[in-house]
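Shown below: start-v9.cif, with mmCIF, C-alpha atoms.
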data_model
loop_
_atom_site.group_PDB
_atom_site.id
_atom_site.type_symbol
_atom_site.label_atom_id
_atom_site.label_comp_id
_atom_site.auth_asym_id
_atom_site.auth_seq_id
_atom_site.Cartn_x
_atom_site.Cartn_y
_atom_site.Cartn_z
ATOM 1 C CA MET A 1 -3.762 -4.634 -15.377
ATOM 2 C CA ASN A 2 -1.005 -2.193 -16.260
ATOM 3 C CA VAL A 3 2.117 -3.765 -14.765
ATOM 4 C CA LEU A 4 5.450 -1.969 -14.396
ATOM 5 C CA VAL A 5 8.227 -4.552 -14.703
ATOM 6 C CA VAL A 6 11.399 -3.033 -13.284
ATOM 7 C CA GLY A 7 14.314 -5.027 -14.629
ATOM 8 C CA GLY A 8 12.066 -6.319 -17.397
ATOM 9 C CA ALA A 9 14.945 -6.624 -19.887
ATOM 10 C CA GLY A 10 16.748 -9.059 -17.609
ATOM 11 C CA TYR A 11 16.555 -12.831 -17.446
ATOM 12 C CA ILE A 12 13.535 -13.483 -15.237
ATOM 13 C CA GLY A 13 11.851 -10.135 -15.886
ATOM 14 C CA SER A 14 11.765 -10.614 -19.659
ATOM 15 C CA HIS A 15 10.117 -14.022 -19.292
ATOM 16 C CA CYS A 16 7.537 -12.554 -16.949
ATOM 17 C CA VAL A 17 6.765 -9.819 -19.508
ATOM 18 C CA VAL A 18 5.944 -12.488 -22.105
ATOM 19 C CA GLN A 19 3.636 -14.271 -19.706
ATOM 20 C CA LEU A 20 1.916 -11.039 -18.695
ATOM 21 C CA VAL A 21 1.058 -10.387 -22.339
ATOM 22 C CA GLU A 22 -0.216 -13.948 -22.769
ATOM 23 C CA ALA A 23 -2.384 -13.523 -19.654
ATOM 24 C CA GLY A 24 -4.015 -10.393 -21.061
ATOM 25 C CA HIS A 25 -2.162 -7.806 -18.985
ATOM 26 C CA ARG A 26 -0.245 -4.774 -20.259
ATOM 27 C CA PRO A 27 3.409 -4.791 -19.152
ATOM 28 C CA VAL A 28 5.597 -1.679 -19.193
ATOM 29 C CA VAL A 29 9.340 -2.257 -18.884
ATOM 30 C CA VAL A 30 11.884 -0.132 -17.038
ATOM 31 C CA ASP A 31 15.528 -1.205 -17.221
ATOM 32 C CA ASN A 32 18.817 0.684 -17.108
ATOM 33 C CA LEU A 33 20.413 -2.093 -19.218
ATOM 34 C CA ALA A 34 23.284 -2.546 -16.767
ATOM 35 C CA PHE A 35 22.635 -6.285 -17.056
ATOM 36 C CA GLY A 36 19.473 -6.440 -19.143
ATOM 37 C CA HIS A 37 19.214 -6.655 -22.933
ATOM 38 C CA ARG A 38 17.034 -4.456 -25.099
ATOM 39 C CA GLY A 39 16.556 -7.413 -27.437
ATOM 40 C CA ALA A 40 14.869 -9.380 -24.658
ATOM 41 C CA VAL A 41 11.863 -7.030 -24.699
ATOM 42 C CA LYS A 42 9.316 -7.910 -27.350
ATOM 43 C CA ASP A 43 8.195 -5.346 -29.923
ATOM 44 C CA GLY A 44 5.120 -3.444 -28.858
ATOM 45 C CA VAL A 45 5.931 -3.483 -25.133
ATOM 46 C CA PRO A 46 6.547 0.056 -23.809
ATOM 47 C CA PHE A 47 10.180 0.394 -22.742
ATOM 48 C CA TYR A 48 11.923 3.051 -20.655
ATOM 49 C CA GLU A 49 15.683 3.106 -20.175
ATOM 50 C CA ALA A 50 15.821 4.512 -16.668
ATOM 51 C CA ASP A 51 17.131 3.762 -13.204
ATOM 52 C CA LEU A 52 14.812 2.593 -10.452
ATOM 53 C CA GLY A 53 16.550 4.954 -8.028
ATOM 54 C CA ASP A 54 15.445 8.007 -10.025
ATOM 55 C CA ARG A 55 12.340 8.798 -8.007
ATOM 56 C CA GLU A 56 11.168 11.611 -10.272
ATOM 57 C CA ALA A 57 11.477 9.476 -13.415
ATOM 58 C CA MET A 58 9.738 6.537 -11.759
ATOM 59 C CA ALA A 59 6.870 8.720 -10.537
ATOM 60 C CA LYS A 60 6.336 10.100 -14.033
ATOM 61 C CA ILE A 61 6.243 6.615 -15.584
ATOM 62 C CA LEU A 62 3.880 5.358 -12.890
ATOM 63 C CA LYS A 63 1.486 8.239 -13.592
ATOM 64 C CA ASP A 64 1.808 8.398 -17.369
ATOM 65 C CA GLU A 65 1.324 4.633 -17.799
ATOM 66 C CA GLN A 66 -1.437 4.436 -15.160
ATOM 67 C CA ILE A 67 0.337 1.567 -13.412
ATOM 68 C CA ASP A 68 -1.666 -0.755 -11.161
ATOM 69 C CA ILE A 69 1.089 -3.017 -9.859
ATOM 70 C CA VAL A 70 4.904 -3.068 -9.827
ATOM 71 C CA MET A 71 7.170 -6.096 -10.206
ATOM 72 C CA HIS A 72 10.779 -5.717 -9.080
ATOM 73 C CA PHE A 73 13.513 -7.754 -10.835
ATOM 74 C CA ALA A 74 16.262 -5.125 -10.766
ATOM 75 C CA ALA A 75 18.686 -6.298 -8.067
ATOM 76 C CA PHE A 76 22.390 -6.940 -8.424
ATOM 77 C CA THR A 77 22.816 -10.669 -7.760
ATOM 78 C CA TYR A 78 26.488 -11.721 -7.789
ATOM 79 C CA VAL A 79 27.297 -13.105 -4.346
ATOM 80 C CA GLY A 80 31.079 -12.784 -4.679
ATOM 81 C CA GLU A 81 30.865 -9.211 -5.923
ATOM 82 C CA SER A 82 28.567 -8.329 -3.046
ATOM 83 C CA VAL A 83 31.355 -9.360 -0.655
ATOM 84 C CA THR A 84 34.001 -7.233 -2.371
ATOM 85 C CA GLU A 85 31.712 -4.299 -3.271
ATOM 86 C CA PRO A 86 29.006 -4.204 -0.599
ATOM 87 C CA LEU A 87 28.260 -0.504 -1.052
ATOM 88 C CA LYS A 88 27.268 -1.114 -4.679
ATOM 89 C CA TYR A 89 24.756 -3.724 -3.511
ATOM 90 C CA TYR A 90 23.306 -1.672 -0.673
ATOM 91 C CA ARG A 91 22.992 1.371 -2.923
ATOM 92 C CA ASN A 92 21.055 -0.470 -5.650
ATOM 93 C CA ASN A 93 19.300 -3.324 -3.886
ATOM 94 C CA VAL A 94 18.211 -1.304 -0.862
ATOM 95 C CA GLY A 95 18.574 2.424 -1.477
ATOM 96 C CA ALA A 96 17.361 2.595 -5.081
ATOM 97 C CA THR A 97 14.508 0.167 -4.410
ATOM 98 C CA LEU A 98 13.282 2.321 -1.523
ATOM 99 C CA GLU A 99 13.262 5.301 -3.900
ATOM 100 C CA LEU A 100 11.049 3.292 -6.248
ATOM 101 C CA ILE A 101 8.704 2.413 -3.389
ATOM 102 C CA GLN A 102 8.565 6.064 -2.336
ATOM 103 C CA ALA A 103 7.617 7.006 -5.913
ATOM 104 C CA MET A 104 4.841 4.424 -5.729
ATOM 105 C CA VAL A 105 3.551 5.838 -2.446
ATOM 106 C CA ASP A 106 3.713 9.370 -3.858
ATOM 107 C CA THR A 107 1.623 8.387 -6.884
ATOM 108 C CA GLY A 108 -0.852 6.100 -5.125
ATOM 109 C CA VAL A 109 0.412 2.824 -6.622
ATOM 110 C CA ASN A 110 0.225 0.387 -3.730
ATOM 111 C CA LYS A 111 0.820 -3.152 -5.016
ATOM 112 C CA PHE A 112 4.378 -4.498 -5.168
ATOM 113 C CA ILE A 113 5.881 -7.895 -6.061
ATOM 114 C CA PHE A 114 9.448 -8.399 -4.898
ATOM 115 C CA SER A 115 12.004 -10.824 -6.316
ATOM 116 C CA SER A 116 13.920 -12.181 -3.315
ATOM 117 C CA THR A 117 16.162 -15.195 -2.835
ATOM 118 C CA CYS A 118 16.769 -18.311 -0.762
ATOM 119 C CA ALA A 119 20.098 -16.659 0.151
ATOM 120 C CA THR A 120 18.204 -14.827 2.899
ATOM 121 C CA PHE A 121 18.194 -18.096 4.873
ATOM 122 C CA GLY A 122 21.969 -18.553 4.890
ATOM 123 C CA VAL A 123 23.154 -21.978 6.068
ATOM 124 C CA VAL A 124 20.026 -23.834 7.129
ATOM 125 C CA GLU A 125 19.717 -26.453 9.835
ATOM 126 C CA SER A 126 16.912 -28.445 8.204
ATOM 127 C CA LEU A 127 15.636 -29.329 4.740
ATOM 128 C CA PRO A 128 13.550 -28.718 2.749
ATOM 129 C CA ILE A 129 13.526 -24.961 3.319
ATOM 130 C CA VAL A 130 10.170 -23.665 4.491
ATOM 131 C CA GLU A 131 9.140 -20.039 4.822
ATOM 132 C CA THR A 132 9.225 -20.142 8.624
ATOM 133 C CA LEU A 133 12.907 -21.058 8.964
ATOM 134 C CA PRO A 134 15.146 -18.376 10.540
ATOM 135 C CA GLN A 135 16.685 -16.000 8.009
ATOM 136 C CA SER A 136 20.387 -15.390 8.578
ATOM 137 C CA PRO A 137 22.205 -14.476 5.346
ATOM 138 C CA ILE A 138 25.947 -15.048 5.089
ATOM 139 C CA ASN A 139 26.751 -12.468 2.390
ATOM 140 C CA PRO A 140 25.788 -8.867 1.582
ATOM 141 C CA TYR A 141 23.646 -9.939 -1.389
ATOM 142 C CA GLY A 142 21.392 -12.062 0.815
ATOM 143 C CA GLN A 143 21.386 -9.379 3.495
ATOM 144 C CA THR A 144 20.195 -6.668 1.087
ATOM 145 C CA LYS A 145 17.311 -8.882 0.024
ATOM 146 C CA LEU A 146 16.364 -9.560 3.643
ATOM 147 C CA ASP A 147 16.580 -5.840 4.406
ATOM 148 C CA LEU A 148 13.992 -5.179 1.684
ATOM 149 C CA GLU A 149 11.788 -8.009 2.912
ATOM 150 C CA ASN A 150 11.818 -6.444 6.380
ATOM 151 C CA ALA A 151 11.137 -2.994 4.939
ATOM 152 C CA LEU A 152 8.106 -4.333 3.074
ATOM 153 C CA ARG A 153 6.775 -5.974 6.217
ATOM 154 C CA ALA A 154 7.075 -2.676 8.081
ATOM 155 C CA ILE A 155 5.561 -0.572 5.285
ATOM 156 C CA THR A 156 2.548 -2.838 4.807
ATOM 157 C CA LYS A 157 1.786 -2.765 8.538
ATOM 158 C CA THR A 158 1.289 1.000 8.554
ATOM 159 C CA SER A 159 -0.189 1.844 5.136
ATOM 160 C CA ASP A 160 -2.445 0.719 2.285
ATOM 161 C CA PHE A 161 0.604 -0.799 0.588
ATOM 162 C CA SER A 162 0.477 -4.550 -0.171
ATOM 163 C CA ALA A 163 3.386 -6.759 -1.156
ATOM 164 C CA ALA A 164 4.326 -10.270 -2.220
ATOM 165 C CA ILE A 165 7.801 -11.684 -1.639
ATOM 166 C CA PHE A 166 9.119 -14.579 -3.742
ATOM 167 C CA ARG A 167 12.298 -16.374 -2.725
ATOM 168 C CA TYR A 168 13.812 -18.086 -5.740
ATOM 169 C CA PHE A 169 16.064 -21.069 -5.665
ATOM 170 C CA ASN A 170 18.198 -21.707 -8.811
ATOM 171 C CA ALA A 171 16.500 -20.095 -11.803
ATOM 172 C CA ALA A 172 17.198 -21.884 -15.100
ATOM 173 C CA GLY A 173 15.730 -22.650 -18.527
ATOM 174 C CA ALA A 174 14.414 -20.492 -21.358
ATOM 175 C CA ALA A 175 11.174 -19.624 -23.128
ATOM 176 C CA GLU A 176 9.479 -22.568 -24.838
ATOM 177 C CA ASP A 177 9.806 -20.986 -28.291
ATOM 178 C CA GLY A 178 13.509 -20.313 -27.767
ATOM 179 C CA SER A 179 13.098 -16.589 -28.421
ATOM 180 C CA ILE A 180 14.515 -15.362 -25.099
ATOM 181 C CA GLY A 181 16.834 -16.974 -22.602
ATOM 182 C CA GLU A 182 19.729 -16.594 -20.199
ATOM 183 C CA ASP A 183 22.566 -14.220 -21.121
ATOM 184 C CA HIS A 184 24.679 -13.052 -18.184
ATOM 185 C CA GLN A 185 28.037 -11.322 -18.288
ATOM 186 C CA PRO A 186 29.845 -12.666 -16.389
ATOM 187 C CA GLU A 187 28.089 -16.020 -16.361
ATOM 188 C CA THR A 188 28.011 -17.816 -13.016
ATOM 189 C CA HIS A 189 25.084 -20.259 -13.396
ATOM 190 C CA LEU A 190 25.944 -23.933 -13.692
ATOM 191 C CA ILE A 191 23.834 -24.975 -16.704
ATOM 192 C CA PRO A 192 25.106 -22.307 -19.152
ATOM 193 C CA LEU A 193 28.630 -22.879 -17.840
ATOM 194 C CA CYS A 194 28.194 -26.558 -18.761
ATOM 195 C CA PHE A 195 27.060 -25.540 -22.260
ATOM 196 C CA ASP A 196 30.118 -23.323 -22.669
ATOM 197 C CA ALA A 197 32.438 -26.141 -21.583
ATOM 198 C CA ALA A 198 30.684 -28.622 -23.883
ATOM 199 C CA THR A 199 30.927 -26.334 -26.928
ATOM 200 C CA GLY A 200 34.508 -25.238 -26.278
ATOM 201 C CA ARG A 201 33.648 -21.647 -25.428
ATOM 202 C CA ARG A 202 35.537 -22.086 -22.168
ATOM 203 C CA GLY A 203 37.875 -24.639 -20.624
ATOM 204 C CA ALA A 204 36.954 -27.477 -18.337
ATOM 205 C CA LEU A 205 34.180 -26.768 -15.869
ATOM 206 C CA LYS A 206 35.298 -26.594 -12.252
ATOM 207 C CA VAL A 207 33.301 -28.669 -9.786
ATOM 208 C CA PHE A 208 33.788 -27.257 -6.319
ATOM 209 C CA GLY A 209 33.808 -30.086 -3.805
ATOM 210 C CA SER A 210 33.431 -33.838 -4.248
ATOM 211 C CA ASP A 211 33.223 -34.903 -0.599
ATOM 212 C CA TYR A 212 29.881 -33.483 0.509
ATOM 213 C CA PRO A 213 27.455 -35.784 2.397
ATOM 214 C CA THR A 214 25.320 -36.222 -0.735
ATOM 215 C CA PRO A 215 24.749 -39.303 -2.934
ATOM 216 C CA ASP A 216 27.611 -38.470 -5.340
ATOM 217 C CA GLY A 217 29.629 -36.100 -3.156
ATOM 218 C CA THR A 218 28.709 -32.907 -5.045
ATOM 219 C CA CYS A 219 26.352 -30.152 -3.964
ATOM 220 C CA LEU A 220 22.587 -30.543 -4.367
ATOM 221 C CA ARG A 221 20.601 -27.552 -5.640
ATOM 222 C CA ASP A 222 16.966 -26.906 -6.558
ATOM 223 C CA TYR A 223 16.692 -25.817 -10.219
ATOM 224 C CA VAL A 224 13.405 -24.099 -11.072
ATOM 225 C CA HIS A 225 12.350 -23.026 -14.554
ATOM 226 C CA VAL A 226 12.164 -19.316 -15.246
ATOM 227 C CA ASP A 227 8.680 -19.669 -16.753
ATOM 228 C CA ASP A 228 7.494 -21.432 -13.613
ATOM 229 C CA LEU A 229 8.847 -18.550 -11.531
ATOM 230 C CA SER A 230 7.080 -16.060 -13.790
ATOM 231 C CA ARG A 231 3.720 -17.797 -13.456
ATOM 232 C CA ALA A 232 3.839 -17.416 -9.686
ATOM 233 C CA HIS A 233 4.167 -13.636 -10.001
ATOM 234 C CA ILE A 234 0.933 -13.433 -11.959
ATOM 235 C CA ALA A 235 -0.875 -15.948 -9.740
ATOM 236 C CA VAL A 236 -0.295 -13.720 -6.694
ATOM 237 C CA PHE A 237 -2.224 -10.719 -8.083
ATOM 238 C CA ASP A 238 -5.432 -11.713 -6.308
ATOM 239 C CA LYS A 239 -3.612 -11.839 -2.962
ATOM 240 C CA LEU A 240 -2.739 -8.142 -3.110
ATOM 241 C CA GLY A 241 -6.271 -6.750 -3.175
ATOM 242 C CA THR A 242 -6.430 -6.229 0.588
ATOM 243 C CA PRO A 243 -4.454 -3.178 1.783
ATOM 244 C CA GLY A 244 -1.730 -4.025 4.293
ATOM 245 C CA THR A 245 -1.170 -7.535 2.944
ATOM 246 C CA CYS A 246 2.355 -8.959 2.928
ATOM 247 C CA VAL A 247 2.780 -12.557 1.771
ATOM 248 C CA ASP A 248 5.935 -14.580 1.175
ATOM 249 C CA TYR A 249 6.590 -17.783 -0.764
ATOM 250 C CA ASN A 250 9.552 -20.040 -1.501
ATOM 251 C CA LEU A 251 9.691 -21.120 -5.151
ATOM 252 C CA GLY A 252 11.476 -24.331 -6.058
ATOM 253 C CA THR A 253 10.691 -27.827 -7.282
ATOM 254 C CA GLY A 254 11.732 -29.580 -4.085
ATOM 255 C CA ASN A 255 13.528 -32.049 -6.366
ATOM 256 C CA PRO A 256 17.235 -31.134 -6.167
ATOM 257 C CA SER A 257 19.967 -32.194 -8.580
ATOM 258 C CA SER A 258 23.664 -32.590 -7.873
ATOM 259 C CA VAL A 259 26.374 -30.913 -9.924
ATOM 260 C CA LEU A 260 27.252 -34.242 -11.530
ATOM 261 C CA GLU A 261 23.597 -34.909 -12.327
ATOM 262 C CA VAL A 262 23.392 -31.560 -14.109
ATOM 263 C CA ILE A 263 26.547 -32.377 -16.077
ATOM 264 C CA ASN A 264 25.106 -35.746 -17.100
ATOM 265 C CA ALA A 265 21.808 -34.124 -18.132
ATOM 266 C CA VAL A 266 23.714 -31.665 -20.322
ATOM 267 C CA LYS A 267 25.586 -34.563 -21.931
ATOM 268 C CA GLU A 268 22.321 -36.381 -22.596
ATOM 269 C CA VAL A 269 20.527 -33.366 -24.072
ATOM 270 C CA THR A 270 23.367 -31.969 -26.180
ATOM 271 C CA GLY A 271 25.124 -35.189 -27.172
ATOM 272 C CA LEU A 272 28.375 -33.454 -26.238
ATOM 273 C CA ASP A 273 30.962 -34.240 -23.605
ATOM 274 C CA VAL A 274 31.251 -31.781 -20.721
ATOM 275 C CA PRO A 275 34.885 -31.634 -19.625
ATOM 276 C CA TYR A 276 35.207 -30.922 -15.919
ATOM 277 C CA GLU A 277 37.747 -31.065 -13.150
ATOM 278 C CA MET A 278 37.293 -31.403 -9.419
ATOM 279 C CA ASP A 279 38.377 -28.545 -7.203
ATOM 280 C CA ASP A 280 38.244 -27.735 -3.508
ATOM 281 C CA ARG A 281 35.015 -26.729 -1.825
ATOM 282 C CA ARG A 282 34.076 -23.062 -1.909
ATOM 283 C CA GLU A 283 33.683 -21.400 1.454
ATOM 284 C CA GLY A 284 30.016 -20.941 2.351
ATOM 285 C CA ASP A 285 28.630 -23.578 -0.045
ATOM 286 C CA PRO A 286 26.175 -25.745 1.920
ATOM 287 C CA PRO A 287 25.864 -29.407 0.868
ATOM 288 C CA ALA A 288 22.206 -29.095 -0.147
ATOM 289 C CA LEU A 289 19.557 -26.423 -0.681
ATOM 290 C CA TYR A 290 16.046 -27.154 -1.842
ATOM 291 C CA ALA A 291 12.605 -25.700 -1.298
ATOM 292 C CA ASP A 292 9.362 -26.715 0.246
ATOM 293 C CA SER A 293 6.863 -24.883 -1.994
ATOM 294 C CA LYS A 294 3.755 -26.310 -0.357
ATOM 295 C CA LYS A 295 2.580 -22.844 0.650
ATOM 296 C CA ALA A 296 2.715 -21.551 -2.949
ATOM 297 C CA ASN A 297 0.923 -24.677 -4.115
ATOM 298 C CA GLU A 298 -1.877 -24.394 -1.574
ATOM 299 C CA GLU A 299 -2.396 -20.611 -1.716
ATOM 300 C CA LEU A 300 -1.592 -19.843 -5.364
ATOM 301 C CA GLY A 301 -2.211 -23.182 -7.069
ATOM 302 C CA TRP A 302 1.421 -23.038 -8.197
ATOM 303 C CA VAL A 303 2.870 -26.315 -9.492
ATOM 304 C CA PRO A 304 6.150 -26.338 -11.460
ATOM 305 C CA LYS A 305 5.700 -27.542 -15.022
ATOM 306 C CA TYR A 306 9.378 -28.438 -15.313
ATOM 307 C CA ASN A 307 10.052 -30.869 -12.482
ATOM 308 C CA ASP A 308 13.068 -32.809 -13.726
ATOM 309 C CA ILE A 309 16.543 -31.621 -14.607
ATOM 310 C CA THR A 310 16.598 -33.140 -18.124
ATOM 311 C CA SER A 311 13.558 -31.234 -19.408
ATOM 312 C CA LEU A 312 14.855 -28.033 -17.834
ATOM 313 C CA VAL A 313 18.275 -28.452 -19.463
ATOM 314 C CA ALA A 314 16.600 -29.176 -22.813
ATOM 315 C CA SER A 315 14.685 -25.908 -22.534
ATOM 316 C CA ALA A 316 17.873 -23.973 -21.809
ATOM 317 C CA TRP A 317 19.804 -25.695 -24.615
ATOM 318 C CA LYS A 318 17.242 -24.639 -27.209
ATOM 319 C CA TRP A 319 18.153 -21.025 -26.503
ATOM 320 C CA HIS A 320 21.918 -21.487 -26.107
ATOM 321 C CA LYS A 321 22.486 -23.546 -29.246
ATOM 322 C CA ASP A 322 20.767 -20.860 -31.354
ATOM 323 C CA HIS A 323 22.333 -17.937 -29.458
ATOM 324 C CA PRO A 324 25.907 -18.984 -28.575
ATOM 325 C CA LYS A 325 26.796 -15.322 -28.027
ATOM 326 C CA GLY A 326 23.530 -14.497 -26.314
ATOM 327 C CA TYR A 327 21.647 -11.447 -27.521
ATOM 328 C CA ASP A 328 24.744 -10.306 -29.405
ATOM 329 C CA ASP A 329 23.824 -12.915 -32.047
ATOM 330 C CA LYS A 330 20.732 -10.953 -33.042
#
In structure tokens, write the structure found in this file.
Amino acid sequence: MNVLVVGGAGYIGSHCVVQLVEAGHRPVVVDNLAFGHRGAVKDGVPFYEADLGDREAMAKILKDEQIDIVMHFAAFTYVGESVTEPLKYYRNNVGATLELIQAMVDTGVNKFIFSSTCATFGVVESLPIVETLPQSPINPYGQTKLDLENALRAITKTSDFSAAIFRYFNAAGAAEDGSIGEDHQPETHLIPLCFDAATGRRGALKVFGSDYPTPDGTCLRDYVHVDDLSRAHIAVFDKLGTPGTCVDYNLGTGNPSSVLEVINAVKEVTGLDVPYEMDDRREGDPPALYADSKKANEELGWVPKYNDITSLVASAWKWHKDHPKGYDDK
């Protein structure tokens, strides 16, 4: 298939592009490079520097490249920024994405895979998190993702459009060959922050909260490898053949790790100390978040390859030790 990967120069999108090629598909990348990196897109993959909200440009690419299916990885994802700049998030995550969908409708491209988030659930009352739990986001980022989920449900009910929704937990890791990996500015993810503290690129890591009702008092989170996430997006292709289909899946290992467990895994993998200091809890941080991915397993045959924190950290370290400045090292 010809697959348009919007946000394909970003972290998860670039890994999915690699897997699409390996699976025999033909990816085409669109990215405005606001957060993506041109160096993350392999040679030979068609690349367009464009904005997903430019309906005319998107329609032309969809037609010229004879696109069969669209994958969306182009959201803004910083929770704190979404609170202080909500308009920026609604404009891109909702408004611009609807322009892309309209371009698809206008050109007869009717299969869409949407990158969503567990943040749509907000503070949950039970664990693990299953797809049927109430969705009640507590920040604008999560709300914009839920708004798009609801839009897709409405669109697929009244048209030939079909969609798949994937709710990620904590994406981590890097490609097995170490050629592409995680490079965010600013960086907010725990594992690369641990690497930066261990290598002296930043000061001591701050651990927010040590008195949670968890085994070691720190938050528990579900870390899922970026390649595992990518495989699910390809596995869902067969589900989108029936017009009007809308399916949703939570993607996580169901095997959460605490902040201190992640720090210890980084120490073990790197052989370096990770200086850290305890700080107060952050408002809105629940004690634990982890997925029940039984639905993805049963319907897509999806089983995470990386199911323990040490192997996932080792994968991420391979990239970071060779690219301490990210793609700027190339």
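Nearest residue to Pro286 in chain A, choosing from A:Glu182, A:Asp228, A:Asp211, A:Glu22 and counting only C-alpha atoms: A:Asp211.
The two atoms in question, CA of Tyr327 in chain A and CA of Phe208 in chain A, are spaced 29.1 Å apart.
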The PyMOL selection byres ((chain A and resi 17-21) around 12) applied to the shown file, residues as a ChimeraX atom specification:
/A:1-16,22-30,40-47,69-73,174-177,179-181,226-235,237
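Between Pro213 in chain A and the candidates A:Gly80, A:Gly36, A:Pro287, A:Pro134, the tightest atom-to-atom separation, counting all atoms listed in the file, involves A:Pro287.
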Which residues, named as in the file, does the PyMOL selection byres ((chain A and resi 209) around 10) pick out? Answer as a ChimeraX atom specification.
/A:206-208,210-212,217-219,259,278-282,285,287
On this file, the PyMOL selection byres ((chain A and resi 199) around 12) gives some set of residues; write that set as a list in words.
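Evaluating the PyMOL selection byres ((chain A and resi 199) around 12) on these coordinates yields Pro192, Leu193, Cys194, Phe195, Asp196, Ala197, Ala198, Gly200, Arg201, Arg202, Gly203, Ala204, Leu205, Val266, Lys267, Thr270, Gly271, Leu272, Asp273, Val274, Pro275, Trp317, His320, Lys321, Pro324 and Lys325 of chain A.
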Please put the answer as JSON: centre and edge lengths, in Å with one decimal, of a box along x, y and z that encloses all listed atoms of range 283-301 of chain A plus 6 Å on each side.
{"center_x": 15.6, "center_y": -24.6, "center_z": -2.4, "size_x": 48.1, "size_y": 21.6, "size_z": 21.4}
From the set A:Phe166, A:Tyr276, A:Phe114, A:Trp319, which residue has the shortest atom-to-atom contact distance to Lys295 in chain A, counting only C-alpha atoms?
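Closest residue, counting only C-alpha atoms: A:Phe166.
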Quick one: residues within 12 Å of Leu87 in chain A, all atoms listed in the file counted, chain neighbours fewer than 6 positions away excluded, as a ChimeraX atom specification?
/A:76,81,93-95,140-141,144
Record the distance separating CA of Thr132 in chain A and CA of Val224 in chain A, expressed in Å with one decimal.
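Separation of CA of Thr132 in chain A and CA of Val224 in chain A: 20.5 Å.
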Which one of A:Glu125, A:Asp64, A:Glu187, A:Asp147 sits closest to Phe35 in chain A if you count only C-alpha atoms?
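Answer, going by the shortest atom-to-atom distance: A:Glu187.
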So how far away is CA of Gly173 in chain A from CA of Lys111 in chain A, in Å?
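About the pair CA of Lys111 in chain A and CA of Gly173 in chain A: they are 28.0 Å apart.
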Skipping near chain neighbours, those fewer than 6 positions away, what residues fall within 6 Å of range 52-61 of chain A using only C-alpha atoms, listed as a list of chain:residue names?
A:Ala96, A:Glu99, A:Leu100, A:Ala103
Would you mind putting back N, CA, C and O atoms on range 114-124 of chain A, then writing it out as a PDB file, in the coordinates of the input?
ATOM      1  N   PHE A 114       8.011  -8.500  -5.104  1.00  0.00           N
ATOM      2  CA  PHE A 114       9.448  -8.399  -4.898  1.00  0.00           C
ATOM      3  C   PHE A 114      10.145  -9.728  -5.156  1.00  0.00           C
ATOM      4  O   PHE A 114       9.786 -10.764  -4.600  1.00  0.00           O
ATOM      5  N   SER A 115      11.173  -9.674  -5.990  1.00  0.00           N
ATOM      6  CA  SER A 115      12.004 -10.824  -6.316  1.00  0.00           C
ATOM      7  C   SER A 115      13.090 -10.962  -5.251  1.00  0.00           C
ATOM      8  O   SER A 115      14.046 -10.202  -5.229  1.00  0.00           O
ATOM      9  N   SER A 116      12.926 -11.948  -4.357  1.00  0.00           N
ATOM     10  CA  SER A 116      13.920 -12.181  -3.315  1.00  0.00           C
ATOM     11  C   SER A 116      14.675 -13.473  -3.600  1.00  0.00           C
ATOM     12  O   SER A 116      14.705 -13.941  -4.748  1.00  0.00           O
ATOM     13  N   THR A 117      15.263 -14.074  -2.601  1.00  0.00           N
ATOM     14  CA  THR A 117      16.162 -15.195  -2.835  1.00  0.00           C
ATOM     15  C   THR A 117      16.243 -16.109  -1.619  1.00  0.00           C
ATOM     16  O   THR A 117      16.081 -15.664  -0.468  1.00  0.00           O
ATOM     17  N   CYS A 118      16.547 -17.384  -1.865  1.00  0.00           N
ATOM     18  CA  CYS A 118      16.769 -18.311  -0.762  1.00  0.00           C
ATOM     19  C   CYS A 118      18.036 -17.974   0.006  1.00  0.00           C
ATOM     20  O   CYS A 118      18.260 -18.496   1.108  1.00  0.00           O
ATOM     21  N   ALA A 119      18.878 -17.075  -0.547  1.00  0.00           N
ATOM     22  CA  ALA A 119      20.098 -16.659   0.151  1.00  0.00           C
ATOM     23  C   ALA A 119      19.797 -15.909   1.440  1.00  0.00           C
ATOM     24  O   ALA A 119      20.685 -15.733   2.278  1.00  0.00           O
ATOM     25  N   THR A 120      18.551 -15.480   1.633  1.00  0.00           N
ATOM     26  CA  THR A 120      18.204 -14.827   2.899  1.00  0.00           C
ATOM     27  C   THR A 120      18.260 -15.800   4.068  1.00  0.00           C
ATOM     28  O   THR A 120      18.364 -15.377   5.221  1.00  0.00           O
ATOM     29  N   PHE A 121      18.191 -17.109   3.793  1.00  0.00           N
ATOM     30  CA  PHE A 121      18.194 -18.096   4.873  1.00  0.00           C
ATOM     31  C   PHE A 121      19.605 -18.439   5.352  1.00  0.00           C
ATOM     32  O   PHE A 121      19.768 -18.953   6.460  1.00  0.00           O
ATOM     33  N   GLY A 122      20.614 -18.191   4.510  1.00  0.00           N
ATOM     34  CA  GLY A 122      21.969 -18.553   4.890  1.00  0.00           C
ATOM     35  C   GLY A 122      22.152 -20.059   4.926  1.00  0.00           C
ATOM     36  O   GLY A 122      21.610 -20.791   4.098  1.00  0.00           O
ATOM     37  N   VAL A 123      22.914 -20.542   5.896  1.00  0.00           N
ATOM     38  CA  VAL A 123      23.154 -21.978   6.068  1.00  0.00           C
ATOM     39  C   VAL A 123      22.051 -22.527   6.966  1.00  0.00           C
ATOM     40  O   VAL A 123      21.964 -22.181   8.146  1.00  0.00           O
ATOM     41  N   VAL A 124      21.208 -23.367   6.391  1.00  0.00           N
ATOM     42  CA  VAL A 124      20.026 -23.834   7.129  1.00  0.00           C
ATOM     43  C   VAL A 124      20.341 -25.087   7.938  1.00  0.00           C
ATOM     44  O   VAL A 124      21.268 -25.839   7.628  1.00  0.00           O
TER      45      VAL A 124
END
